[in-house]
>>> print(open('work.csv').read())   # CSV, C-alpha atoms
chain,number,residue,atom,x,y,z
A,1,MET,CA,71.5,-9.0,-38.4
A,2,SER,CA,70.4,-12.6,-38.4
A,3,GLN,CA,67.1,-11.6,-36.9
A,4,LEU,CA,66.5,-9.1,-39.7
A,5,VAL,CA,67.3,-11.8,-42.3
A,6,ALA,CA,64.9,-14.2,-40.6
A,7,LEU,CA,62.3,-11.5,-40.6
A,8,TRP,CA,62.8,-10.8,-44.2
A,9,HIS,CA,62.6,-14.5,-45.1
A,10,SER,CA,59.3,-14.7,-43.2
A,11,THR,CA,57.6,-12.0,-45.3
A,12,GLY,CA,55.2,-12.8,-48.1
A,13,ILE,CA,57.3,-10.5,-50.4
A,14,TYR,CA,60.3,-12.9,-50.1
A,15,GLN,CA,58.2,-16.1,-50.3
A,16,ILE,CA,55.9,-15.2,-53.1
A,17,SER,CA,56.2,-17.2,-56.3
A,18,ILE,CA,55.4,-16.0,-59.8
A,19,PRO,CA,52.3,-18.3,-60.1
A,20,GLN,CA,51.0,-16.8,-56.8
A,21,ALA,CA,51.6,-13.3,-58.1
A,22,VAL,CA,49.7,-14.2,-61.3
A,23,MET,CA,46.8,-15.5,-59.3
A,24,ILE,CA,46.7,-12.4,-57.1
A,25,PHE,CA,46.6,-10.3,-60.3
A,26,ILE,CA,43.7,-12.5,-61.5
A,27,GLY,CA,41.9,-11.9,-58.3
A,28,LEU,CA,42.4,-8.2,-58.6
A,29,PHE,CA,41.1,-8.4,-62.2
A,30,LEU,CA,38.0,-10.2,-61.1
A,31,LEU,CA,37.4,-7.4,-58.6
A,32,TYR,CA,37.9,-4.8,-61.3
A,33,LEU,CA,35.3,-6.5,-63.5
A,34,ALA,CA,32.9,-6.6,-60.6
A,35,VAL,CA,33.4,-3.1,-59.4
A,36,ALA,CA,34.2,-1.1,-62.5
A,37,LYS,CA,32.3,-3.1,-65.1
A,38,ARG,CA,29.5,-4.4,-62.8
A,39,PHE,CA,30.0,-8.0,-64.1
A,40,GLU,CA,28.2,-10.3,-61.6
A,41,PRO,CA,29.5,-8.3,-58.6
A,42,LEU,CA,27.7,-10.4,-56.0
A,43,LEU,CA,29.8,-13.4,-56.9
A,44,LEU,CA,33.0,-12.0,-58.5
A,45,ILE,CA,33.8,-9.8,-55.5
A,46,PRO,CA,33.9,-12.7,-52.9
A,47,ILE,CA,35.5,-15.0,-55.5
A,48,GLY,CA,38.2,-12.5,-56.4
A,49,PHE,CA,38.9,-11.6,-52.8
A,50,GLY,CA,39.0,-15.2,-51.8
A,51,GLY,CA,41.4,-15.9,-54.7
A,52,ILE,CA,43.8,-13.2,-53.4
A,53,LEU,CA,43.7,-14.5,-49.9
A,54,SER,CA,44.3,-18.1,-51.1
A,55,ASN,CA,47.6,-17.1,-52.7
A,56,ILE,CA,49.1,-15.0,-49.9
A,57,PRO,CA,52.4,-16.9,-49.3
A,58,GLY,CA,53.2,-18.1,-45.8
A,59,VAL,CA,49.5,-18.3,-44.7
A,60,ASP,CA,47.6,-21.6,-45.1
A,61,ILE,CA,44.2,-19.9,-45.3
A,62,ALA,CA,42.9,-22.1,-48.1
A,63,VAL,CA,44.3,-25.5,-47.0
A,64,GLY,CA,44.2,-27.5,-43.8
A,65,ASP,CA,42.5,-25.7,-41.0
A,66,GLY,CA,42.5,-22.3,-42.7
A,67,ILE,CA,39.2,-20.4,-42.6
A,68,LEU,CA,38.6,-20.6,-46.4
A,69,ALA,CA,39.3,-24.3,-46.4
A,70,GLN,CA,36.8,-24.7,-43.6
A,71,PHE,CA,34.2,-22.7,-45.6
A,72,ALA,CA,34.8,-24.9,-48.6
A,73,GLY,CA,34.6,-28.1,-46.6
A,74,MET,CA,31.4,-27.0,-45.0
A,75,GLY,CA,29.5,-25.8,-48.0
A,76,LEU,CA,31.2,-26.8,-51.3
A,77,ASP,CA,32.2,-30.4,-50.5
A,78,THR,CA,28.7,-31.0,-49.1
A,79,GLY,CA,27.0,-29.0,-51.8
A,80,ILE,CA,25.1,-27.0,-49.3
A,81,PHE,CA,26.0,-23.5,-50.5
A,82,PRO,CA,24.9,-23.8,-54.1
A,83,LEU,CA,21.7,-25.5,-52.9
A,84,LEU,CA,20.9,-22.6,-50.6
A,85,VAL,CA,21.5,-20.2,-53.4
A,86,PHE,CA,19.2,-22.2,-55.6
A,87,MET,CA,16.5,-22.0,-53.0
A,88,GLY,CA,16.8,-18.2,-53.0
A,89,ILE,CA,16.7,-18.1,-56.8
A,90,GLY,CA,13.5,-20.2,-56.7
A,91,ALA,CA,11.9,-17.7,-54.3
A,92,MET,CA,12.7,-14.9,-56.7
A,93,THR,CA,11.5,-16.7,-59.8
A,94,ASP,CA,8.1,-16.1,-61.6
A,95,PHE,CA,7.0,-19.1,-63.6
A,96,GLY,CA,4.1,-17.0,-65.0
A,97,PRO,CA,5.7,-16.2,-68.5
A,98,LEU,CA,6.6,-19.9,-68.9
A,99,LEU,CA,3.1,-21.0,-68.0
A,100,ALA,CA,1.5,-18.4,-70.2
A,101,ASN,CA,3.4,-19.6,-73.2
A,102,PRO,CA,4.5,-23.3,-72.7
A,103,ARG,CA,6.1,-23.4,-76.1
A,104,THR,CA,9.0,-21.5,-74.6
A,105,MET,CA,9.9,-24.6,-72.6
A,106,LEU,CA,11.3,-26.0,-75.9
A,107,LEU,CA,13.5,-23.0,-76.3
A,108,GLY,CA,15.0,-23.5,-72.9
A,109,ALA,CA,15.5,-27.2,-73.6
A,110,ALA,CA,17.2,-26.5,-77.0
A,111,ALA,CA,19.7,-24.2,-75.3
A,112,GLN,CA,20.9,-27.1,-73.2
A,113,ILE,CA,22.4,-28.7,-76.3
A,114,GLY,CA,25.4,-26.6,-75.6
A,115,ILE,CA,26.0,-28.6,-72.5
A,116,PHE,CA,26.1,-32.0,-74.2
A,117,SER,CA,27.9,-30.9,-77.3
A,118,THR,CA,30.7,-29.5,-75.1
A,119,LEU,CA,30.8,-32.8,-73.1
A,120,LEU,CA,31.4,-34.6,-76.4
A,121,GLY,CA,33.9,-31.9,-77.4
A,122,ALA,CA,35.9,-32.4,-74.2
A,123,LEU,CA,35.9,-36.2,-74.7
A,124,PHE,CA,37.0,-35.7,-78.4
A,125,MET,CA,39.9,-33.4,-77.4
A,126,THR,CA,40.9,-36.1,-74.9
A,127,GLN,CA,40.7,-38.8,-77.5
A,128,ILE,CA,43.1,-36.9,-79.9
A,129,GLY,CA,45.5,-36.2,-77.0
A,130,VAL,CA,45.0,-32.4,-76.7
A,131,PHE,CA,43.8,-32.7,-73.1
A,132,ASP,CA,43.3,-35.5,-70.5
A,133,PHE,CA,39.8,-35.2,-69.2
A,134,SER,CA,37.9,-38.1,-67.7
A,135,LEU,CA,34.2,-38.5,-68.4
A,136,ALA,CA,33.3,-36.9,-65.0
A,137,GLN,CA,35.5,-33.9,-65.7
A,138,ALA,CA,34.1,-33.5,-69.2
A,139,ALA,CA,30.6,-33.6,-67.8
A,140,ALA,CA,31.5,-30.9,-65.3
A,141,ILE,CA,33.0,-28.7,-68.0
A,142,GLY,CA,30.0,-29.2,-70.2
A,143,ILE,CA,27.6,-27.8,-67.6
A,144,ILE,CA,29.2,-24.3,-68.1
A,145,GLY,CA,27.1,-24.2,-71.3
A,146,GLY,CA,24.0,-23.8,-69.1
A,147,ALA,CA,25.3,-20.4,-67.9
A,148,ASP,CA,24.1,-21.3,-64.4
A,149,GLY,CA,26.7,-20.6,-61.8
A,150,PRO,CA,25.3,-22.5,-58.8
A,151,THR,CA,24.5,-25.5,-61.0
A,152,ALA,CA,28.0,-25.5,-62.4
A,153,ILE,CA,29.5,-25.3,-58.9
A,154,TYR,CA,27.3,-28.1,-57.6
A,155,VAL,CA,28.0,-30.4,-60.5
A,156,SER,CA,31.8,-29.8,-60.5
A,157,GLY,CA,31.8,-30.3,-56.7
A,158,VAL,CA,30.2,-33.7,-57.2
A,159,LEU,CA,32.0,-34.9,-60.4
A,160,ALA,CA,35.3,-33.0,-60.5
A,161,PRO,CA,36.1,-31.0,-57.4
A,162,GLU,CA,39.7,-30.5,-58.6
A,163,LEU,CA,38.4,-28.4,-61.5
A,164,LEU,CA,35.9,-26.4,-59.4
A,165,GLY,CA,37.8,-23.2,-59.3
A,166,ALA,CA,38.3,-23.0,-63.1
A,167,ILE,CA,34.8,-24.1,-63.9
A,168,ALA,CA,33.3,-21.6,-61.4
A,169,VAL,CA,35.4,-18.7,-62.8
A,170,ALA,CA,34.5,-19.7,-66.4
A,171,ALA,CA,30.8,-20.0,-65.6
A,172,TYR,CA,30.4,-16.7,-63.8
A,173,SER,CA,32.7,-14.9,-66.3
A,174,TYR,CA,30.6,-16.0,-69.3
A,175,MET,CA,27.4,-15.1,-67.4
A,176,ALA,CA,28.8,-11.7,-66.9
A,177,LEU,CA,29.8,-11.4,-70.5
A,178,VAL,CA,26.3,-12.3,-71.8
A,179,PRO,CA,25.8,-8.7,-73.2
A,180,LEU,CA,29.0,-9.2,-75.3
A,181,ILE,CA,28.8,-12.8,-76.4
A,182,GLN,CA,25.2,-13.2,-77.3
A,183,PRO,CA,24.2,-10.2,-79.5
A,184,PRO,CA,26.6,-11.1,-82.4
A,185,ILE,CA,25.3,-14.7,-82.5
A,186,MET,CA,21.7,-13.5,-82.3
A,187,ARG,CA,22.1,-11.0,-85.2
A,188,ALA,CA,24.0,-13.5,-87.4
A,189,LEU,CA,21.2,-16.1,-87.1
A,190,THR,CA,18.2,-13.8,-87.6
A,191,THR,CA,17.0,-11.4,-90.2
A,192,GLU,CA,15.8,-7.9,-89.6
A,193,GLU,CA,12.3,-9.0,-90.3
A,194,GLU,CA,12.5,-11.8,-87.7
A,195,ARG,CA,13.9,-9.4,-85.1
A,196,ARG,CA,10.8,-7.2,-85.6
A,197,ILE,CA,8.3,-9.9,-84.9
A,198,ARG,CA,5.8,-8.8,-82.3
A,199,MET,CA,4.3,-11.4,-80.0
A,200,ARG,CA,0.9,-11.4,-78.4
A,201,LEU,CA,0.6,-10.3,-74.8
A,202,PRO,CA,0.8,-13.4,-72.6
A,203,ARG,CA,-2.4,-14.6,-70.9
A,204,GLU,CA,-2.9,-14.0,-67.2
A,205,VAL,CA,-1.8,-17.0,-65.2
A,206,HIS,CA,-4.0,-18.1,-62.3
A,207,GLN,CA,-2.3,-18.3,-58.9
A,208,THR,CA,-3.4,-22.0,-58.5
A,209,GLU,CA,-1.3,-22.8,-61.6
A,210,LYS,CA,1.7,-21.1,-60.1
A,211,ILE,CA,1.3,-23.1,-56.8
A,212,LEU,CA,0.9,-26.5,-58.6
A,213,PHE,CA,3.6,-26.1,-61.2
A,214,PRO,CA,6.7,-26.4,-58.9
A,215,LEU,CA,5.1,-29.4,-57.2
A,216,VAL,CA,4.2,-31.2,-60.4
A,217,LEU,CA,7.6,-30.3,-61.9
A,218,LEU,CA,9.6,-31.6,-59.0
A,219,ILE,CA,7.7,-34.9,-58.7
A,220,LEU,CA,7.8,-35.7,-62.5
A,221,VAL,CA,11.5,-34.8,-62.9
A,222,ALA,CA,12.7,-36.4,-59.7
A,223,LEU,CA,11.0,-39.6,-60.6
A,224,ILE,CA,12.7,-39.7,-64.0
A,225,VAL,CA,16.0,-38.1,-63.2
A,226,PRO,CA,16.7,-38.6,-59.4
A,227,GLY,CA,20.1,-36.9,-59.8
A,228,ALA,CA,18.3,-33.6,-60.4
A,229,ALA,CA,16.3,-33.8,-57.2
A,230,PRO,CA,18.6,-31.8,-54.9
A,231,LEU,CA,19.0,-28.7,-57.1
A,232,LEU,CA,15.4,-28.8,-58.5
A,233,GLY,CA,14.0,-29.6,-55.1
A,234,MET,CA,15.6,-26.4,-53.5
A,235,PHE,CA,14.5,-24.4,-56.5
A,236,CYS,CA,10.9,-25.5,-56.4
A,237,PHE,CA,10.7,-25.2,-52.6
A,238,GLY,CA,11.8,-21.6,-52.8
A,239,ASN,CA,9.3,-20.9,-55.5
A,240,LEU,CA,6.5,-22.6,-53.6
A,241,MET,CA,7.2,-20.5,-50.6
A,242,LYS,CA,6.8,-17.4,-52.8
A,243,GLU,CA,3.7,-18.4,-54.6
A,244,CYS,CA,1.6,-20.0,-51.8
A,245,ARG,CA,1.5,-16.6,-50.1
A,246,VAL,CA,1.1,-18.0,-46.6
A,247,VAL,CA,4.8,-18.0,-45.5
A,248,ALA,CA,5.8,-14.5,-46.5
A,249,ARG,CA,8.5,-14.3,-43.8
A,250,LEU,CA,10.2,-17.5,-45.1
A,251,SER,CA,10.0,-16.4,-48.7
A,252,ASP,CA,11.5,-13.0,-47.7
A,253,THR,CA,14.3,-14.7,-45.9
A,254,ALA,CA,15.1,-17.0,-48.8
A,255,GLN,CA,15.1,-14.0,-51.2
A,256,ASN,CA,17.2,-11.8,-49.1
A,257,ALA,CA,19.1,-12.8,-46.0
A,258,LEU,CA,19.6,-16.4,-46.7
A,259,ILE,CA,20.7,-16.1,-50.3
A,260,ASN,CA,23.0,-13.2,-49.4
A,261,ILE,CA,24.7,-15.1,-46.6
A,262,ALA,CA,25.1,-18.2,-48.8
A,263,THR,CA,26.4,-16.1,-51.7
A,264,ILE,CA,29.2,-14.6,-49.5
A,265,PHE,CA,30.3,-18.0,-48.3
A,266,LEU,CA,30.0,-19.6,-51.7
A,267,GLY,CA,32.1,-17.0,-53.3
A,268,LEU,CA,34.8,-17.1,-50.7
A,269,SER,CA,34.8,-20.9,-50.9
A,270,VAL,CA,35.2,-20.9,-54.7
A,271,GLY,CA,38.0,-18.3,-54.3
A,272,SER,CA,39.8,-20.8,-52.0
A,273,LYS,CA,40.0,-23.1,-55.0
A,274,LEU,CA,42.0,-20.6,-57.0
A,275,ILE,CA,45.3,-21.7,-55.6
A,276,ALA,CA,48.1,-21.2,-58.1
A,277,ASP,CA,49.3,-24.8,-58.2
A,278,GLU,CA,45.8,-26.0,-59.0
A,279,PHE,CA,44.5,-23.2,-61.3
A,280,LEU,CA,47.5,-22.4,-63.5
A,281,VAL,CA,47.6,-25.6,-65.4
A,282,GLY,CA,46.9,-26.4,-69.1
A,283,GLU,CA,43.5,-27.8,-68.4
A,284,THR,CA,42.3,-24.4,-67.2
A,285,LEU,CA,42.8,-22.9,-70.7
A,286,GLY,CA,40.9,-25.9,-72.1
A,287,ILE,CA,38.0,-25.3,-69.7
A,288,LEU,CA,37.8,-21.6,-70.6
A,289,ALA,CA,37.8,-22.4,-74.3
A,290,LEU,CA,35.3,-25.2,-74.1
A,291,GLY,CA,33.1,-23.0,-71.8
A,292,VAL,CA,32.7,-20.2,-74.3
A,293,VAL,CA,32.0,-22.7,-77.1
A,294,ALA,CA,29.3,-24.3,-74.9
A,295,PHE,CA,27.8,-20.9,-74.2
A,296,ALA,CA,27.8,-19.9,-77.9
A,297,ILE,CA,26.2,-23.2,-78.9
A,298,GLY,CA,23.5,-22.9,-76.3
A,299,THR,CA,22.7,-19.4,-77.5
A,300,ALA,CA,22.5,-20.5,-81.2
A,301,THR,CA,20.4,-23.6,-80.6
A,302,GLY,CA,17.8,-21.6,-78.7
A,303,VAL,CA,17.5,-19.1,-81.5
A,304,LEU,CA,17.3,-21.9,-84.1
A,305,MET,CA,14.6,-23.7,-82.2
A,306,ALA,CA,12.5,-20.6,-82.3
A,307,LYS,CA,12.9,-20.3,-86.0
A,308,LEU,CA,12.0,-24.0,-86.4
A,309,LEU,CA,8.8,-23.6,-84.3
A,310,ASN,CA,7.9,-20.6,-86.5
A,311,MET,CA,7.9,-22.9,-89.6
A,312,PHE,CA,5.0,-24.9,-88.1
A,313,SER,CA,3.0,-22.2,-86.2
A,314,GLU,CA,0.8,-19.3,-87.1
A,315,ARG,CA,1.6,-17.5,-83.8
A,316,LYS,CA,5.2,-16.5,-84.5
A,317,ILE,CA,7.9,-16.3,-81.9
A,318,ASN,CA,10.5,-13.7,-82.1
A,319,PRO,CA,13.7,-15.8,-82.4
A,320,LEU,CA,15.6,-13.4,-80.3
A,321,ILE,CA,14.0,-14.8,-77.1
A,322,GLY,CA,15.4,-18.2,-77.9
A,323,ALA,CA,18.8,-16.9,-76.8
A,324,ALA,CA,17.4,-16.4,-73.4
A,325,GLY,CA,17.1,-20.2,-73.1
A,326,VAL,CA,20.5,-20.2,-71.3
A,327,SER,CA,20.1,-19.9,-67.6
A,328,ALA,CA,21.6,-16.4,-67.0
A,329,VAL,CA,18.5,-15.0,-65.3
A,330,PRO,CA,17.5,-12.3,-66.0
A,331,MET,CA,20.4,-10.9,-68.0
A,332,ALA,CA,19.9,-13.1,-71.0
A,333,ALA,CA,16.2,-11.9,-71.2
A,334,ARG,CA,17.3,-8.3,-71.0
A,335,VAL,CA,19.8,-8.8,-73.8
A,336,ALA,CA,17.1,-10.3,-76.0
A,337,ASN,CA,14.9,-7.3,-75.2
A,338,LYS,CA,17.8,-4.9,-76.0
A,339,VAL,CA,18.6,-6.5,-79.4
A,340,GLY,CA,14.9,-6.5,-80.3
A,341,ILE,CA,14.6,-2.8,-79.5
A,342,GLU,CA,17.4,-2.1,-81.8
A,343,SER,CA,15.2,-3.2,-84.7
A,344,ASP,CA,11.9,-1.9,-83.4
A,345,PRO,CA,12.0,0.6,-80.5
A,346,ASP,CA,8.4,-0.2,-79.6
A,347,ASN,CA,8.8,-4.0,-79.4
A,348,PHE,CA,9.4,-5.0,-75.8
A,349,LEU,CA,10.4,-8.7,-75.5
A,350,ILE,CA,11.4,-8.8,-71.9
A,351,MET,CA,8.2,-10.5,-70.6
A,352,HIS,CA,8.3,-13.0,-73.4
A,353,ALA,CA,12.0,-13.7,-73.0
A,354,MET,CA,11.5,-14.6,-69.3
A,355,GLY,CA,9.7,-17.7,-70.4
A,356,PRO,CA,12.6,-19.5,-72.0
A,357,ASN,CA,15.0,-17.9,-69.5
A,358,VAL,CA,13.2,-19.7,-66.6
A,359,ALA,CA,12.9,-22.8,-68.8
A,360,GLY,CA,16.7,-22.7,-69.2
A,361,VAL,CA,17.1,-22.8,-65.4
A,362,ILE,CA,14.9,-25.9,-65.3
A,363,GLY,CA,16.7,-27.4,-68.3
A,364,SER,CA,20.2,-26.9,-67.0
A,365,THR,CA,19.1,-28.5,-63.6
A,366,ILE,CA,17.7,-31.5,-65.4
A,367,ALA,CA,20.9,-31.8,-67.5
A,368,ALA,CA,22.9,-31.6,-64.4
A,369,GLY,CA,21.0,-34.5,-62.9
A,370,VAL,CA,21.5,-36.6,-66.0
A,371,LEU,CA,25.3,-35.9,-66.0
A,372,ILE,CA,25.6,-36.7,-62.3
A,373,GLN,CA,23.7,-40.0,-62.8
A,374,PHE,CA,25.7,-41.2,-65.8
A,375,ALA,CA,29.1,-39.7,-65.1
A,376,SER,CA,29.6,-40.2,-61.4
>>> encode(input="work.csv", output="structure tokens")
Amino acid sequence: MSQLVALWHSTGIYQISIPQAVMIFIGLFLLYLAVAKRFEPLLLIPIGFGGILSNIPGVDIAVGDGILAQFAGMGLDTGIFPLLVFMGIGAMTDFGPLLANPRTMLLGAAAQIGIFSTLLGALFMTQIGVFDFSLAQAAAIGIIGGADGPTAIYVSGVLAPELLGAIAVAAYSYMALVPLIQPPIMRALTTEEERRIRMRLPREVHQTEKILFPLVLLILVALIVPGAAPLLGMFCFGNLMKECRVVARLSDTAQNALINIATIFLGLSVGSKLIADEFLVGETLGILALGVVAFAIGTATGVLMAKLLNMFSERKINPLIGAAGVSAVPMAARVANKVGIESDPDNFLIMHAMGPNVAGVIGSTIAAGVLIQFAS
């Protein structure tokens, strides 16, 4: 009888706590969003599964010498996993739309206002006693506004590793919810006439421009904001491999095998941070709330910047593409195109929206470098 009691006490069913059960449910919910709703499945599936594993009682899989803890120590604590993902993203990125219409760089830059406004918001909430965020934590929370998952993970890993799980879940959740969050903001800030604006076909970009751009971009930005060099360096290196056309095998590896492997380990490592004792705290709700505010502000400022440019230009920009200034590539560009088609079925904006979308990736990377330099 005593052996049966001991066996029962050793089971996870006996040992599980309510917080752990809640986190397992959250992990299952993330899997549901990924599988049933197709919300960022490449990351939400490993994150959700890792979150479930991390909260199984009686098994120290996410702490000490546990396998998920080893993954996190190897790739999150060092920043290797998000950097490898960024290399793959760079290898899949086409700077052509941005080079064809350089004005769209301003739209991507304007969308980053969401990052810094949320930083100030987090500090204000701390000042009035609602939360207790340090400058480094507030900076890590603000980067959610860039809607760039790898950047958010990298910055939080450097500035606030204790908040990494909540920030990663918030960043990827809002990236997945782009089709729900952005359209109401876009419609509210534009008129029917503005949404029907047709833009000229972009010029053809010479291959030499595409080769030189990542090199010039990296050197200029790294010299001004050295903190942005790791992320931007991997991004530009991946893009250079793609555009130089002499290392096709390396480019193919970065676009496929390497980014896929890094994504698996990155997701499981983030999932290891979803331990109940660390995730189910009051600050998590604050992070989720500030994150959606950051995302909304970034969307709005991108649209408003396009409207401002139209006041001083004969070549009008459809303001909808300003919403693509956040870094959710290419989903934000697709959403801009979809909202535009609602007003004019023959007005395809996807090629134009990719300009600010790519600019948003660059902008969020630079913003990340600034935050790391001044908040660490």
>>> closest_residue(input="work.csv", among="A:Met74, A:Ala170, A:Leu266, A:Ala136", to="Ile47 of chain A", atoms="all atoms listed in the file")
A:Leu266
>>> residues_around(input="work.csv", residues="segment 154-160 of chain A", least_positions_apart="5", cutoff="10 Å", atoms="all atoms listed in the file", output="JSON, numbers by chain")
{"A": [76, 77, 78, 79, 80, 81, 82, 83, 134, 135, 136, 137, 138, 139, 140, 141, 142, 143, 144, 149, 165, 166, 167, 168, 230, 231, 365, 368, 369, 371, 372, 375, 376]}
>>> atom_distance(input="work.csv", atom1="atom CA of Ile56 of chain A", atom2="atom CA of Ile18 of chain A")
11.8 Å
>>> closest_residue(input="work.csv", among="A:Val270, A:Ala324, A:Val361, A:Ala367", to="Phe86 of chain A", atoms="all atoms listed in the file")
A:Val361
>>> closest_residue(input="work.csv", among="A:Leu349, A:Val63, A:Ala359, A:Met305", to="Ile197 of chain A", atoms="all atoms listed in the file")
A:Leu349
>>> closest_residue(input="work.csv", among="A:Pro202, A:Ala122, A:Ala276, A:Gly286", to="Thr104 of chain A", atoms="all atoms listed in the file")
A:Pro202
>>> closest_residue(input="work.csv", among="A:Ala91, A:Val35, A:Ala289, A:Leu164", to="Ser269 of chain A", atoms="all atoms listed in the file")
A:Leu164
>>> atom_distance(input="work.csv", atom1="atom CA of Gly298 of chain A", atom2="atom CA of Gly48 of chain A")
26.8 Å
>>> closest_residue(input="work.csv", among="A:Met23, A:Ala62, A:Val335, A:Ile366", to="Ile224 of chain A", atoms="all atoms listed in the file")
A:Ile366
>>> atom_distance(input="work.csv", atom1="atom CA of Ile275 of chain A", atom2="atom CA of Phe131 of chain A")
20.7 Å
>>> closest_atom_pairs(input="work.csv", of="segment 39-144 of chain A", to="segment 311-321 of chain A", cutoff="12 Å", atoms="all atoms listed in the file", output="Markdown table")
| residue | atom | partner | partner_atom | distance |
| --- | --- | --- | --- | --- |
| A:Asn101 | CA | A:Ile317 | CA | 10.3 |
| A:Arg103 | CA | A:Ile317 | CA | 9.3 |
| A:Thr104 | CA | A:Ile321 | CA | 8.7 |
| A:Met105 | CA | A:Ile321 | CA | 11.5 |
| A:Leu106 | CA | A:Ile321 | CA | 11.6 |
| A:Leu107 | CA | A:Ile321 | CA | 8.3 |
| A:Gly108 | CA | A:Ile321 | CA | 9.7 |
| A:Ala111 | CA | A:Ile321 | CA | 11.1 |
